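A.B. asks: Can you keep this structure in mind? I'll have questions shortly.
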Amino acid sequence: MKAFVIDLSVCNGCYCCQIACKDEHVANDWTPYAKPQPDTGQFWIGITELVRGQVPKVKVSYIPKMCHHCDDAPCIEQCRSDAIYKREDGLVIIDPEKCTGCKLCADTCPHNAIFFNEGLNIAQKCTGCAHLLDNDDEWEVPRCVDQCPTEALKFGEEEDLKDFIKDAELLNPEAKTKSRLYYLHLPKKFVAGTLYNPLEKEVIIGASCILKDNESSETFNVQTDNFGDFWFRGLKDNRSFTLTMEKDGIVKTIDNICTDKDLSLGDIPMEIRQKAPKPSGFKGAVSYP
């Protein structure tokens with residue numbers, strides 16, 4: 001059974017997959033796999049740009065989205081004309097010659113991966129480039145996978161991809177459709193900030209920062225870098241945390257940090273008084289007769 005794996009840690013948002021899909025399907029009739037994709041309005045694989053955090057602590061993630069080729073595909077169940085079927089290799093296809101344009105599949109898909117072609121009055125979506133896989137011995141992967149310059153997109157037998165799949169997640173697991181589209185390194189919440197000394201007007205380097213999950217008591221430890229910055233990544237959604245920062249015996253605490261969104265705490269002051277340097281040549285107490 002075929003599967004897709006997308007590694008978001010190396011996806012740089014180049015849009016090559018989206019462009020390759022357009023190049024393969026716009027103005028090309030691949031019946032019985034698919035009729036031509038419209039010039040605009042449909043992206044059988046499309047890039048979603050996710051901007052997280054607040055200036056200056058901001059992260060951008062690029063998430064390619066497409067048909068999940070589900071094992072329990074609700075679109076198949078809802079299709080009244082038997083136009084949607086699942087192949088033995090796992091790819092889900094909408095037969096354009098059988099589709100009656102009832103739109104039930106598009107309305108039913110929990111992944112929003114089915115589009116409606118008003119001009120042709122048919123539903124359309126990613127085919128996994130089945131027309132290439134079936135009819136051209138040189139093609140072993142869809143066009144989007146072939147054109148990915150960072151190899152963020154992978155396609156193949158599920159058994160061959162098992163080393164990737166074991167660490168992967170589903171984009172929409174609550175749909176319970178047994179998706180065959182797996183993601184590595186989906187964005188998780190982060191908490192970040194900058195620690196500085198207002199007395200010295202300098203950032204604080206090497207401060208210990210401990211973030212404690214108030215529910216599970218799990219702790220995360222980092223140190224401020226050469227810019228005074230700290231980052232806690234990979235945090236769970238909608239959890240309450242307590243942040244404790246310490247440097248040279250001075251402690252500062254911030255309570256009730258909630259990861260309902262990615263959070264930049266901004267510039268955090270912590271007053272640390274520098275020890276006065278000893279006078280030059282000072283060697284300790286001097287005794288006089």
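In the structure tokens, chains take the letters A, B, ... in the order shown, each chain's residues start at 1, and ligands count up from 1 in the order shown.
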If you run DSSP on this backbone, which residues of segment 22-205 of chain A come out as alpha helix (DSSP H), and could you give them as JSON, numbers by chain?
C.D. replies: {"A": [22, 23, 24, 25, 74, 75, 76, 77, 78, 104, 105, 106, 107, 108, 130, 131, 132, 133, 134, 135, 143, 144, 145, 146, 162, 163, 164, 165]}
A.B. asks: What are the nearest atom pairs, with distances in Å to one decimal, for all residues of segment 73-121 of chain A that come at most 12 Å from segment 25-42 of chain A, using only C-alpha atoms, set out by chain and rising residue number as a Markdown table?
C.D. replies:
| residue | atom | partner | partner_atom | distance |
| --- | --- | --- | --- | --- |
| A:Ala83 | CA | A:Pro32 | CA | 10.7 |
| A:Ile84 | CA | A:Tyr33 | CA | 10.7 |
| A:Tyr85 | CA | A:Tyr33 | CA | 11.0 |
| A:Arg87 | CA | A:Tyr33 | CA | 11.5 |
| A:Leu91 | CA | A:Tyr33 | CA | 11.0 |
| A:Val92 | CA | A:Tyr33 | CA | 10.2 |
| A:Ile93 | CA | A:Tyr33 | CA | 6.8 |
| A:Ile94 | CA | A:Tyr33 | CA | 7.1 |
| A:Asp95 | CA | A:Pro32 | CA | 6.0 |
| A:Pro96 | CA | A:Ala34 | CA | 5.8 |
| A:Glu97 | CA | A:Pro32 | CA | 6.9 |
| A:Lys98 | CA | A:Pro32 | CA | 9.4 |
| A:Cys99 | CA | A:Ala34 | CA | 10.7 |
| A:Asn112 | CA | A:Gln42 | CA | 11.3 |
| A:Ala113 | CA | A:Gln42 | CA | 9.7 |
| A:Ile114 | CA | A:Gln42 | CA | 9.0 |
| A:Phe115 | CA | A:Gln42 | CA | 6.5 |
| A:Phe116 | CA | A:Gln42 | CA | 8.4 |
| A:Asn117 | CA | A:Pro38 | CA | 7.2 |
| A:Glu118 | CA | A:Pro38 | CA | 9.4 |
| A:Gly119 | CA | A:Pro38 | CA | 8.6 |
| A:Leu120 | CA | A:Lys35 | CA | 8.4 |
| A:Asn121 | CA | A:Lys35 | CA | 10.8 |
A.B. asks: Residues of the last selection are to be written out with C-alpha atoms, as a compact mmCIF listing (two decimals), in the first residue's frame.
C.D. replies:
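Output (result.txt):
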# COMPACT_ATOMS: atom_id res chain seq x y z
CA ALA A 83 -17.45 7.39 -8.88
CA ILE A 84 -14.92 7.28 -6.04
CA TYR A 85 -12.92 4.15 -5.40
CA ARG A 87 -7.18 1.21 -5.65
CA LEU A 91 -4.68 5.66 -3.91
CA VAL A 92 -8.21 7.09 -3.90
CA ILE A 93 -9.50 8.15 -7.33
CA ILE A 94 -12.55 10.09 -8.49
CA ASP A 95 -13.64 8.68 -11.86
CA PRO A 96 -14.44 11.83 -13.88
CA GLU A 97 -16.70 9.87 -16.26
CA LYS A 98 -18.95 8.64 -13.45
CA CYS A 99 -19.03 11.78 -11.30
CA ASN A 112 -10.93 19.87 2.65
CA ALA A 113 -9.00 18.09 -0.07
CA ILE A 114 -11.75 17.76 -2.71
CA PHE A 115 -12.51 20.59 -5.13
CA PHE A 116 -15.41 21.21 -7.48
CA ASN A 117 -14.88 22.09 -11.12
CA GLU A 118 -17.83 24.27 -12.05
CA GLY A 119 -16.97 24.21 -15.74
CA LEU A 120 -16.93 20.42 -15.97
CA ASN A 121 -19.46 19.86 -13.14
A.B. asks: State, in Å with one decimal place, the distance from atom CA of Ala175 of chain A to atom CA of Asp71 of chain A.
C.D. replies: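 Value for the atom CA of Ala175 of chain A-atom CA of Asp71 of chain A distance: 11.9 Å.
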A.B. asks: Please extract the residues of segment 36-248 of chain A with a backbone DSSP assignment of strand (DSSP E) and present them as JSON, numbers by chain.
C.D. replies: {"A": [45, 46, 47, 48, 49, 50, 51, 52, 53, 54, 57, 58, 59, 60, 61, 62, 63, 64, 65, 66, 84, 85, 86, 92, 93, 94, 115, 116, 117, 122, 123, 124, 153, 154, 155, 156, 157, 181, 182, 183, 184, 189, 190, 191, 192, 193, 194, 195, 196, 197, 202, 203, 208, 209, 210, 211, 212, 213, 219, 220, 221, 222, 223, 229, 230, 231, 232, 233, 234, 235, 240, 241, 242, 243, 244, 245, 246, 247]}
A.B. asks: Can you list, as number ranges by chain, every protein, DNA or RNA residue that comes within 7 Å of segment 252-266 of chain A when you count only C-alpha atoms, leaving out same-chain residues fewer than 5 positions away?
C.D. replies: A: 52-54, 57, 189-194, 237-246
A.B. asks: Tell me which of A:Asp82, A:Asp89, A:Glu158, A:Glu49 sits closest to Ala130 of chain A, counting only C-alpha atoms.
C.D. replies: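 Of the candidates, the smallest distance to Ala130 of chain A is held by A:Asp89.
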A.B. asks: Can you tell me how far atom CA of Gly46 of chain A sits from atom CA of Pro64 of chain A, in Å to one decimal?
C.D. replies: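 These atoms are spaced 5.5 Å apart.
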A.B. asks: Can you work out the spacing between atom CA of Glu140 of chain A and atom CA of Asp72 of chain A in Å, to one decimal?
C.D. replies: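 Interatomic distance, atom CA of Glu140 of chain A to atom CA of Asp72 of chain A: 24.8 Å.
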A.B. asks: Could you check which of A:Leu133, A:Val51, A:Val141, A:Ile272 is closest to Ile205 of chain A, using only C-alpha atoms?
C.D. replies: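 Result for the nearest residue to Ile205 of chain A: A:Ile272.
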A.B. asks: Choose the residue, out of A:Met270, A:Leu184, A:Val55, A:Leu235, that has the smallest atom-to-atom separation from Asp213 of chain A; count only C-alpha atoms.
C.D. replies: A:Leu235
A.B. asks: Counting only C-alpha atoms, which of A:Ser61, A:Gln78, A:Asn135, A:Asn226 gets nearest to Glu202 of chain A?
C.D. replies: A:Asn226
A.B. asks: Near segment 9-18 of chain A, within 7 Å and counting only C-alpha atoms, which residues show up once chain neighbours fewer than 4 positions away are dropped, as a ChimeraX atom specification?
C.D. replies: /A:22,43,45-47,62,144-145,147-148,150,152,185
